[in-house]
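Okay, input-v3.cif is below, mmCIF, C-alpha atoms:
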```cif
data_query
loop_
_atom_site.label_atom_id
_atom_site.label_comp_id
_atom_site.auth_asym_id
_atom_site.auth_seq_id
_atom_site.Cartn_x
_atom_site.Cartn_y
_atom_site.Cartn_z
CA MET N 9 70.90 2.26 78.51
CA ALA N 10 68.03 3.15 76.19
CA ASP N 11 65.86 4.20 79.14
CA THR N 12 68.67 6.41 80.47
CA GLU N 13 69.20 8.03 77.09
CA HIS N 14 65.46 8.64 76.75
CA ALA N 15 65.32 10.20 80.23
CA LEU N 16 68.27 12.46 79.43
CA ALA N 17 66.66 13.49 76.14
CA LEU N 18 63.42 14.40 77.92
CA GLY N 19 65.38 16.32 80.54
CA LYS N 20 67.14 18.29 77.83
CA GLU N 21 63.83 19.01 76.09
CA ALA N 22 62.38 20.36 79.34
CA ARG N 23 65.51 22.44 80.01
CA GLN N 24 65.49 23.92 76.51
CA PHE N 25 61.80 24.73 76.89
CA VAL N 26 62.52 26.66 80.09
CA ARG N 27 65.48 28.42 78.48
CA ALA N 28 63.24 29.68 75.68
CA HIS N 29 61.02 31.69 78.05
CA ARG N 30 61.43 34.40 80.70
CA ASN N 31 58.19 34.42 82.68
CA GLY N 32 56.37 31.96 84.88
CA VAL N 33 53.83 31.64 87.66
CA LEU N 34 55.45 31.22 91.07
CA SER N 35 53.51 29.25 93.67
CA THR N 36 54.44 29.66 97.32
CA LEU N 37 52.86 28.47 100.57
CA SER N 38 51.03 31.36 102.17
CA LYS N 39 52.22 32.40 105.61
CA ARG N 40 49.23 34.67 106.06
CA LEU N 41 46.68 32.06 104.94
CA ASP N 42 48.10 29.09 106.83
CA GLY N 43 49.71 27.23 103.96
CA PHE N 44 47.22 27.81 101.15
CA PRO N 45 48.91 27.96 97.70
CA PHE N 46 49.63 31.51 96.61
CA GLY N 47 50.36 32.27 92.95
CA SER N 48 52.17 35.28 91.51
CA VAL N 49 53.72 36.26 88.19
CA SER N 50 57.50 36.00 88.25
CA PRO N 51 60.11 36.78 85.59
CA TYR N 52 63.19 34.58 85.84
CA VAL N 53 66.61 33.96 84.33
CA LEU N 54 68.36 30.60 84.50
CA ASP N 55 71.79 30.23 86.05
CA HIS N 56 74.39 27.94 84.51
CA SER N 57 73.07 25.01 86.54
CA GLY N 58 69.59 25.35 85.03
CA ASN N 59 68.05 26.80 88.19
CA PRO N 60 65.72 29.80 87.80
CA VAL N 61 66.76 32.99 89.59
CA ILE N 62 64.09 35.53 90.48
CA LEU N 63 64.38 39.12 91.69
CA ILE N 64 61.85 39.84 94.44
CA SER N 65 61.21 42.44 97.13
CA THR N 66 61.24 41.77 100.87
CA LEU N 67 57.88 43.56 100.94
CA ALA N 68 56.22 41.14 98.51
CA GLU N 69 53.83 38.49 99.77
CA HIS N 70 55.64 35.68 97.95
CA THR N 71 58.96 36.68 99.57
CA LYS N 72 57.42 36.53 103.04
CA ASN N 73 56.06 33.10 102.14
CA ILE N 74 59.46 31.88 100.93
CA ASP N 75 61.22 33.14 104.02
CA ALA N 76 58.74 31.16 106.14
CA ASP N 77 58.78 28.02 103.93
CA PRO N 78 61.17 27.79 100.94
CA ARG N 79 59.17 25.12 99.07
CA VAL N 80 57.93 26.56 95.77
CA SER N 81 57.04 25.67 92.21
CA LEU N 82 57.41 27.68 89.03
CA ILE N 83 55.29 26.83 86.00
CA VAL N 84 56.56 28.03 82.63
CA HIS N 85 53.71 28.15 80.14
CA PRO N 86 53.59 30.40 77.07
CA CYS N 87 50.29 31.91 76.02
CA ALA N 88 48.53 29.83 73.38
CA GLU N 89 45.07 29.59 71.85
CA ASP N 90 44.68 26.11 73.34
CA MET N 91 46.51 26.33 76.68
CA GLN N 92 45.95 22.69 77.57
CA ALA N 93 47.45 21.43 74.32
CA ALA N 94 50.53 23.63 74.56
CA GLY N 95 53.78 22.53 76.20
CA ARG N 96 54.64 23.51 79.75
CA VAL N 97 57.16 22.78 82.47
CA THR N 98 56.72 22.96 86.23
CA LEU N 99 59.90 23.23 88.27
CA VAL N 100 59.56 22.17 91.91
CA GLY N 101 62.20 23.07 94.46
CA ARG N 102 63.32 25.25 97.31
CA ALA N 103 64.09 28.94 97.00
CA GLU N 104 67.21 30.33 98.62
CA ARG N 105 68.35 33.93 98.80
CA LEU N 106 71.66 34.66 97.10
CA PRO N 107 74.06 36.33 99.53
CA ASP N 108 75.70 38.46 96.83
CA LYS N 109 73.29 40.56 94.81
CA THR N 110 75.88 41.79 92.32
CA ALA N 111 77.28 38.41 91.18
CA PHE N 112 74.21 37.48 89.12
CA GLY N 113 73.12 41.02 88.37
CA ALA N 114 74.82 41.48 85.00
CA ARG N 115 73.39 38.27 83.53
CA TYR N 116 69.91 38.96 84.86
CA LEU N 117 69.81 42.51 83.49
CA ARG N 118 71.07 41.45 80.07
CA TYR N 119 67.95 39.31 79.76
CA LEU N 120 65.56 41.58 81.65
CA PRO N 121 66.86 45.17 81.32
CA GLN N 122 63.46 46.51 82.34
CA ALA N 123 64.22 45.26 85.87
CA GLU N 124 67.12 47.69 86.33
CA GLY N 125 65.05 49.99 88.54
CA TYR N 126 64.03 47.10 90.80
CA PHE N 127 67.62 45.83 90.93
CA ALA N 128 68.78 49.23 92.20
CA MET N 129 66.34 49.18 95.14
CA HIS N 130 67.80 48.01 98.43
CA ASP N 131 64.84 45.78 99.29
CA PHE N 132 65.08 43.62 96.12
CA HIS N 133 67.18 40.46 96.26
CA PHE N 134 67.86 37.43 94.10
CA TYR N 135 66.43 34.05 95.07
CA ARG N 136 67.54 30.87 93.35
CA ILE N 137 65.03 28.01 92.99
CA VAL N 138 67.10 24.85 93.39
CA VAL N 139 65.23 22.33 91.25
CA GLU N 140 64.25 19.09 93.02
CA ASP N 141 61.72 17.72 90.53
CA VAL N 142 60.34 18.55 87.10
CA ARG N 143 56.96 18.00 85.49
CA TYR N 144 57.17 18.21 81.71
CA ILE N 145 54.14 18.24 79.43
CA GLY N 146 55.28 18.45 75.85
CA GLY N 147 51.79 18.27 74.36
CA PHE N 148 48.86 15.86 74.40
CA GLY N 149 49.94 12.48 75.74
CA LYS N 150 53.54 13.56 76.36
CA ILE N 151 53.56 13.82 80.14
CA HIS N 152 56.57 13.02 82.29
CA TRP N 153 58.09 13.46 85.72
CA ILE N 154 61.81 14.15 85.29
CA ARG N 155 64.40 13.76 88.01
CA PRO N 156 66.56 16.84 88.63
CA GLU N 157 69.76 15.12 87.56
CA ARG N 158 68.15 14.43 84.15
CA TYR N 159 67.02 18.05 83.83
CA ALA N 160 70.31 19.61 84.97
CA PRO N 161 72.79 20.62 82.27
CA PRO N 162 76.21 18.99 82.23
CA PRO N 163 78.76 20.91 84.30
CA ALA N 164 80.52 23.54 82.19
CA PRO N 165 82.42 25.79 84.61
CA ALA N 166 84.91 26.95 82.00
CA LEU N 167 82.10 28.08 79.69
CA ALA N 168 80.30 29.89 82.51
CA ALA N 169 83.52 31.64 83.54
CA ALA N 170 84.17 32.74 79.94
CA GLU N 171 80.62 33.94 79.21
CA ASP N 172 81.36 37.66 79.59
CA ASP N 173 84.45 37.43 77.37
CA ILE N 174 82.60 35.43 74.70
CA LEU N 175 79.78 37.98 74.64
CA ALA N 176 82.18 40.91 74.43
CA HIS N 177 84.07 39.28 71.54
CA MET N 178 80.97 38.30 69.57
CA ASN N 179 79.31 41.69 70.00
CA ALA N 180 82.46 43.65 69.12
CA ASP N 181 83.78 41.55 66.23
CA HIS N 182 81.00 39.32 64.95
CA ALA N 183 77.78 41.33 64.96
CA HIS N 184 77.38 40.39 61.27
CA ASN N 185 77.37 36.71 62.25
CA LEU N 186 74.75 37.35 64.92
CA ARG N 187 72.50 38.95 62.31
CA ALA N 188 73.17 36.00 60.01
CA TYR N 189 72.20 33.55 62.78
CA CYS N 190 68.88 35.35 63.21
CA ARG N 191 68.19 35.13 59.49
CA HIS N 192 69.32 31.50 59.17
CA VAL N 193 67.62 30.09 62.27
CA HIS N 194 64.58 32.32 62.70
CA GLY N 195 64.08 33.69 59.18
CA VAL N 196 64.21 37.33 60.27
CA ASP N 197 66.43 40.15 59.06
CA VAL N 198 67.47 42.44 61.89
CA LEU N 199 69.49 45.64 62.07
CA ASP N 200 70.76 45.35 65.63
CA ALA N 201 71.86 42.09 67.24
CA ALA N 202 73.75 41.45 70.45
CA MET N 203 74.50 38.17 72.21
CA ILE N 204 73.25 38.37 75.79
CA GLY N 205 73.97 34.87 77.08
CA ILE N 206 75.54 31.56 76.18
CA ASP N 207 75.24 28.14 77.81
CA CYS N 208 75.88 24.50 77.03
CA ASP N 209 72.64 24.21 75.01
CA GLY N 210 72.85 27.37 72.91
CA PHE N 211 72.80 31.14 73.12
CA ASP N 212 70.44 34.11 73.15
CA VAL N 213 70.50 37.19 70.94
CA ARG N 214 68.68 40.45 71.53
CA ALA N 215 67.63 41.26 67.98
CA ASP N 216 65.91 44.60 67.37
CA GLY N 217 64.59 44.46 70.93
CA HIS N 218 63.41 40.83 70.86
CA VAL N 219 65.24 37.90 72.44
CA LEU N 220 65.82 35.02 70.01
CA ARG N 221 67.06 31.64 71.19
CA VAL N 222 69.48 29.58 69.09
CA ASP N 223 70.08 25.98 70.18
CA PHE N 224 73.32 24.17 69.42
CA PRO N 225 72.92 20.80 67.64
CA ALA N 226 75.11 19.25 70.36
CA GLU N 227 76.06 20.43 73.85
CA VAL N 228 79.20 22.52 74.29
CA HIS N 229 81.23 22.42 77.48
CA ASP N 230 84.00 25.00 77.18
CA PRO N 231 84.98 28.10 75.19
CA GLU N 232 86.75 26.04 72.53
CA SER N 233 83.74 23.84 71.71
CA ALA N 234 81.47 26.92 71.83
CA ARG N 235 83.71 28.69 69.33
CA ALA N 236 83.66 25.66 67.02
CA ALA N 237 79.85 25.53 67.17
CA LEU N 238 79.55 29.26 66.42
CA VAL N 239 81.99 29.02 63.51
CA GLU N 240 80.06 26.09 62.05
CA LEU N 241 76.75 27.90 62.41
CA ALA N 242 78.23 30.92 60.63
CA ARG N 243 79.38 28.64 57.81
CA GLN N 244 75.89 27.15 57.50
CA ALA N 245 74.33 30.62 57.51
CA ARG N 246 76.61 31.78 54.70
CA ALA N 247 75.93 28.67 52.65
CA ALA N 248 72.18 29.12 53.01
CA ALA N 249 72.16 32.86 52.31
CA PRO N 250 70.62 33.94 49.00
CA VAL N 251 73.14 34.94 46.37
#
```

Conversion result in structure tokens:
Amino acid sequence: MADTEHALALGKEARQFVRAHRNGVLSTLSKRLDGFPFGSVSPYVLDHSGNPVILISTLAEHTKNIDADPRVSLIVHPCAEDMQAAGRVTLVGRAERLPDKTAFGARYLRYLPQAEGYFAMHDFHFYRIVVEDVRYIGGFGKIHWIRPERYAPPPAPALAAAEDDILAHMNADHAHNLRAYCRHVHGVDVLDAAMIGIDCDGFDVRADGHVLRVDFPAEVHDPESARAALVELARQARAAAPV
């Protein structure tokens, strides 16, 4: 039991690390160069199953590679003064093209609005990387392989289905709470704050143009538990606010 709990905790750490970033290096197997690894920069947004979704053109070299062999990896690694000492996660899996471009479009563009021009082009499509293995390096000496079922978030279909409604409600009626969350969790005072995504682990706020991640202390699985977590966080923010 202890080993299982430890594995789940590591999987959640890796998942939260990936949630906190938006860019990675995509490695594909080159069709032109007979299988040599081919690296390219790739923005991504996670779906509600924890799989990264990328928006790529049929004209791009990495797309041609994926269409010939879907095996890929995506390394998420923030810039740091000592790159080897910093945390990083490599997601290994197979990329599959989403048949419906519009279904994921709203979520993707909330996180990456600068991609709107690419999204509008007919030759750009979404590909989902279905995670099959995870390499997590949390710092020096903290190195683990994590099975996909340990990395994957718990199923929360009701929360995923309610995401748009939750965002609309929070942004219309609770913008003051969103600003308070930014101050309480990140220590920053912002003028403009809008929730752009929510998941079982937490939520993201675009605050004065920057995306800030707020993790829940415990996983939520439906709109009711998400509401309770947001109400509690608002209470904590009020209690901690200077008089």

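With all atoms listed in the file as the atoms that count, the residue of N:Leu117, N:Ala234, N:Ala128, N:Ala201 with the shortest distance to Leu186 (chain N) is N:Ala201.
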
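When only C-alpha atoms are used to compute distances to Lys20 (chain N), the closest of the residues N:Pro156, N:Pro165, N:Gly32, N:Gly205 turns out to be N:Pro156.
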
What lies within 9 Å of region 69-78 of chain N using only C-alpha atoms, ignoring chain neighbours under 5 positions off, as a short mmCIF file (atom, residue, chain, number, x, y, z; two decimals) with C-alpha atoms, in the coordinates of the input?
```cif
data_model
loop_
_atom_site.label_atom_id
_atom_site.label_comp_id
_atom_site.auth_asym_id
_atom_site.auth_seq_id
_atom_site.Cartn_x
_atom_site.Cartn_y
_atom_site.Cartn_z
CA LEU N 34 55.45 31.22 91.07
CA SER N 35 53.51 29.25 93.67
CA THR N 36 54.44 29.66 97.32
CA LEU N 37 52.86 28.47 100.57
CA SER N 38 51.03 31.36 102.17
CA LYS N 39 52.22 32.40 105.61
CA ARG N 40 49.23 34.67 106.06
CA GLY N 43 49.71 27.23 103.96
CA PHE N 46 49.63 31.51 96.61
CA GLY N 47 50.36 32.27 92.95
CA SER N 48 52.17 35.28 91.51
CA ILE N 64 61.85 39.84 94.44
CA GLY N 101 62.20 23.07 94.46
CA ARG N 102 63.32 25.25 97.31
CA ALA N 103 64.09 28.94 97.00
CA GLU N 104 67.21 30.33 98.62
CA ARG N 105 68.35 33.93 98.80
CA ILE N 137 65.03 28.01 92.99
#
```

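Here CA of Leu241 (chain N) is placed at a distance of 24.6 Å from CA of Ser57 (chain N).
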
Given the file shown, determine the residues that the PyMOL selection byres ((chain N and resi 65) around 9) selects; report them as a compact mmCIF listing (two decimals) with C-alpha atoms, keeping the file's coordinate frame.
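Heads up, here's the output in selection24.txt:
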```txt
# COMPACT_ATOMS: atom_id res chain seq x y z
CA LEU N 63 64.38 39.12 91.69
CA ILE N 64 61.85 39.84 94.44
CA THR N 66 61.24 41.77 100.87
CA LEU N 67 57.88 43.56 100.94
CA ALA N 68 56.22 41.14 98.51
CA GLU N 69 53.83 38.49 99.77
CA HIS N 70 55.64 35.68 97.95
CA THR N 71 58.96 36.68 99.57
CA TYR N 126 64.03 47.10 90.80
CA MET N 129 66.34 49.18 95.14
CA HIS N 130 67.80 48.01 98.43
CA ASP N 131 64.84 45.78 99.29
CA PHE N 132 65.08 43.62 96.12
CA HIS N 133 67.18 40.46 96.26
CA PHE N 134 67.86 37.43 94.10
```

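Rounded to one decimal, CA of Tyr159 (chain N) and CA of Asp207 (chain N) lie 14.3 Å from each other.
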
**Item:** Polymer residues at most 9 Å from Arg214 (chain N), all atoms listed in the file, same-chain spacing of 6 or more positions, as a ChimeraX atom specification
**Value:** /N:118-119,200-204,220-221

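Across the structure, CA of Thr12 (chain N) and CA of Pro162 (chain N) are spaced 14.8 Å apart.
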
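Surrounding residues of (77.7, 25.3, 84.2) at most 9 Å away are Asp55, His56, Ser57, Gly58, Pro161, Pro162, Pro163, Ala164, Pro165, Ala166, Leu167, Ala168, Ala169, Asp207, Cys208 and His229 of chain N (based on all atoms listed in the file).
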
Would you mind putting back N, CA and C atoms on region 211-239 of chain N, then writing it out as a PDB file, keeping the file's coordinate frame?
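Saved result, result_4.pdb, follows:
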```pdb
ATOM      1  N   PHE N 211      72.558  29.748  72.728  1.00  0.00           N
ATOM      2  CA  PHE N 211      72.800  31.140  73.120  1.00  0.00           C
ATOM      3  C   PHE N 211      71.573  31.981  72.782  1.00  0.00           C
ATOM      4  N   ASP N 212      71.556  33.196  73.338  1.00  0.00           N
ATOM      5  CA  ASP N 212      70.440  34.110  73.150  1.00  0.00           C
ATOM      6  C   ASP N 212      70.937  35.414  72.554  1.00  0.00           C
ATOM      7  N   VAL N 213      70.161  35.952  71.629  1.00  0.00           N
ATOM      8  CA  VAL N 213      70.500  37.190  70.940  1.00  0.00           C
ATOM      9  C   VAL N 213      69.352  38.178  71.126  1.00  0.00           C
ATOM     10  N   ARG N 214      69.691  39.389  71.554  1.00  0.00           N
ATOM     11  CA  ARG N 214      68.680  40.450  71.530  1.00  0.00           C
ATOM     12  C   ARG N 214      68.731  41.078  70.158  1.00  0.00           C
ATOM     13  N   ALA N 215      67.678  40.853  69.380  1.00  0.00           N
ATOM     14  CA  ALA N 215      67.630  41.260  67.980  1.00  0.00           C
ATOM     15  C   ALA N 215      66.510  42.272  67.789  1.00  0.00           C
ATOM     16  N   ASP N 216      66.898  43.513  67.517  1.00  0.00           N
ATOM     17  CA  ASP N 216      65.910  44.600  67.370  1.00  0.00           C
ATOM     18  C   ASP N 216      64.916  44.592  68.523  1.00  0.00           C
ATOM     19  N   GLY N 217      65.415  44.372  69.730  1.00  0.00           N
ATOM     20  CA  GLY N 217      64.590  44.460  70.930  1.00  0.00           C
ATOM     21  C   GLY N 217      63.930  43.170  71.347  1.00  0.00           C
ATOM     22  N   HIS N 218      64.026  42.108  70.528  1.00  0.00           N
ATOM     23  CA  HIS N 218      63.410  40.830  70.860  1.00  0.00           C
ATOM     24  C   HIS N 218      64.489  39.781  71.120  1.00  0.00           C
ATOM     25  N   VAL N 219      64.268  38.940  72.128  1.00  0.00           N
ATOM     26  CA  VAL N 219      65.240  37.900  72.440  1.00  0.00           C
ATOM     27  C   VAL N 219      64.943  36.658  71.606  1.00  0.00           C
ATOM     28  N   LEU N 220      65.943  36.216  70.836  1.00  0.00           N
ATOM     29  CA  LEU N 220      65.820  35.020  70.010  1.00  0.00           C
ATOM     30  C   LEU N 220      66.774  33.966  70.537  1.00  0.00           C
ATOM     31  N   ARG N 221      66.264  32.758  70.689  1.00  0.00           N
ATOM     32  CA  ARG N 221      67.060  31.640  71.190  1.00  0.00           C
ATOM     33  C   ARG N 221      67.587  30.818  70.016  1.00  0.00           C
ATOM     34  N   VAL N 222      68.863  30.452  70.088  1.00  0.00           N
ATOM     35  CA  VAL N 222      69.480  29.580  69.090  1.00  0.00           C
ATOM     36  C   VAL N 222      70.069  28.386  69.831  1.00  0.00           C
ATOM     37  N   ASP N 223      69.585  27.195  69.534  1.00  0.00           N
ATOM     38  CA  ASP N 223      70.080  25.980  70.180  1.00  0.00           C
ATOM     39  C   ASP N 223      71.227  25.387  69.375  1.00  0.00           C
ATOM     40  N   PHE N 224      72.245  24.905  70.084  1.00  0.00           N
ATOM     41  CA  PHE N 224      73.320  24.170  69.420  1.00  0.00           C
ATOM     42  C   PHE N 224      72.828  22.767  69.071  1.00  0.00           C
ATOM     43  N   PRO N 225      73.316  22.181  67.978  1.00  0.00           N
ATOM     44  CA  PRO N 225      72.920  20.800  67.640  1.00  0.00           C
ATOM     45  C   PRO N 225      73.444  19.788  68.650  1.00  0.00           C
ATOM     46  N   ALA N 226      74.549  20.120  69.320  1.00  0.00           N
ATOM     47  CA  ALA N 226      75.110  19.250  70.360  1.00  0.00           C
ATOM     48  C   ALA N 226      75.614  20.154  71.481  1.00  0.00           C
ATOM     49  N   GLU N 227      75.635  19.630  72.702  1.00  0.00           N
ATOM     50  CA  GLU N 227      76.060  20.430  73.850  1.00  0.00           C
ATOM     51  C   GLU N 227      77.525  20.844  73.718  1.00  0.00           C
ATOM     52  N   VAL N 228      77.810  22.051  74.197  1.00  0.00           N
ATOM     53  CA  VAL N 228      79.200  22.520  74.290  1.00  0.00           C
ATOM     54  C   VAL N 228      79.557  22.625  75.767  1.00  0.00           C
ATOM     55  N   HIS N 229      80.846  22.497  76.072  1.00  0.00           N
ATOM     56  CA  HIS N 229      81.230  22.420  77.480  1.00  0.00           C
ATOM     57  C   HIS N 229      82.339  23.384  77.879  1.00  0.00           C
ATOM     58  N   ASP N 230      82.900  24.090  76.893  1.00  0.00           N
ATOM     59  CA  ASP N 230      84.000  25.000  77.180  1.00  0.00           C
ATOM     60  C   ASP N 230      84.078  26.039  76.057  1.00  0.00           C
ATOM     61  N   PRO N 231      84.905  27.071  76.231  1.00  0.00           N
ATOM     62  CA  PRO N 231      84.980  28.100  75.190  1.00  0.00           C
ATOM     63  C   PRO N 231      85.397  27.572  73.830  1.00  0.00           C
ATOM     64  N   GLU N 232      86.261  26.563  73.804  1.00  0.00           N
ATOM     65  CA  GLU N 232      86.750  26.040  72.530  1.00  0.00           C
ATOM     66  C   GLU N 232      85.621  25.362  71.743  1.00  0.00           C
ATOM     67  N   SER N 233      84.834  24.514  72.415  1.00  0.00           N
ATOM     68  CA  SER N 233      83.740  23.840  71.710  1.00  0.00           C
ATOM     69  C   SER N 233      82.637  24.839  71.351  1.00  0.00           C
ATOM     70  N   ALA N 234      82.449  25.879  72.180  1.00  0.00           N
ATOM     71  CA  ALA N 234      81.470  26.920  71.830  1.00  0.00           C
ATOM     72  C   ALA N 234      81.913  27.667  70.582  1.00  0.00           C
ATOM     73  N   ARG N 235      83.204  27.990  70.513  1.00  0.00           N
ATOM     74  CA  ARG N 235      83.710  28.690  69.330  1.00  0.00           C
ATOM     75  C   ARG N 235      83.518  27.841  68.084  1.00  0.00           C
ATOM     76  N   ALA N 236      83.825  26.550  68.183  1.00  0.00           N
ATOM     77  CA  ALA N 236      83.660  25.660  67.020  1.00  0.00           C
ATOM     78  C   ALA N 236      82.206  25.620  66.569  1.00  0.00           C
ATOM     79  N   ALA N 237      81.273  25.570  67.519  1.00  0.00           N
ATOM     80  CA  ALA N 237      79.850  25.530  67.170  1.00  0.00           C
ATOM     81  C   ALA N 237      79.410  26.838  66.514  1.00  0.00           C
ATOM     82  N   LEU N 238      79.907  27.966  67.002  1.00  0.00           N
ATOM     83  CA  LEU N 238      79.550  29.260  66.420  1.00  0.00           C
ATOM     84  C   LEU N 238      80.135  29.424  65.026  1.00  0.00           C
ATOM     85  N   VAL N 239      81.367  28.957  64.841  1.00  0.00           N
ATOM     86  CA  VAL N 239      81.990  29.020  63.510  1.00  0.00           C
ATOM     87  C   VAL N 239      81.218  28.161  62.515  1.00  0.00           C
TER      88      VAL N 239
END
```
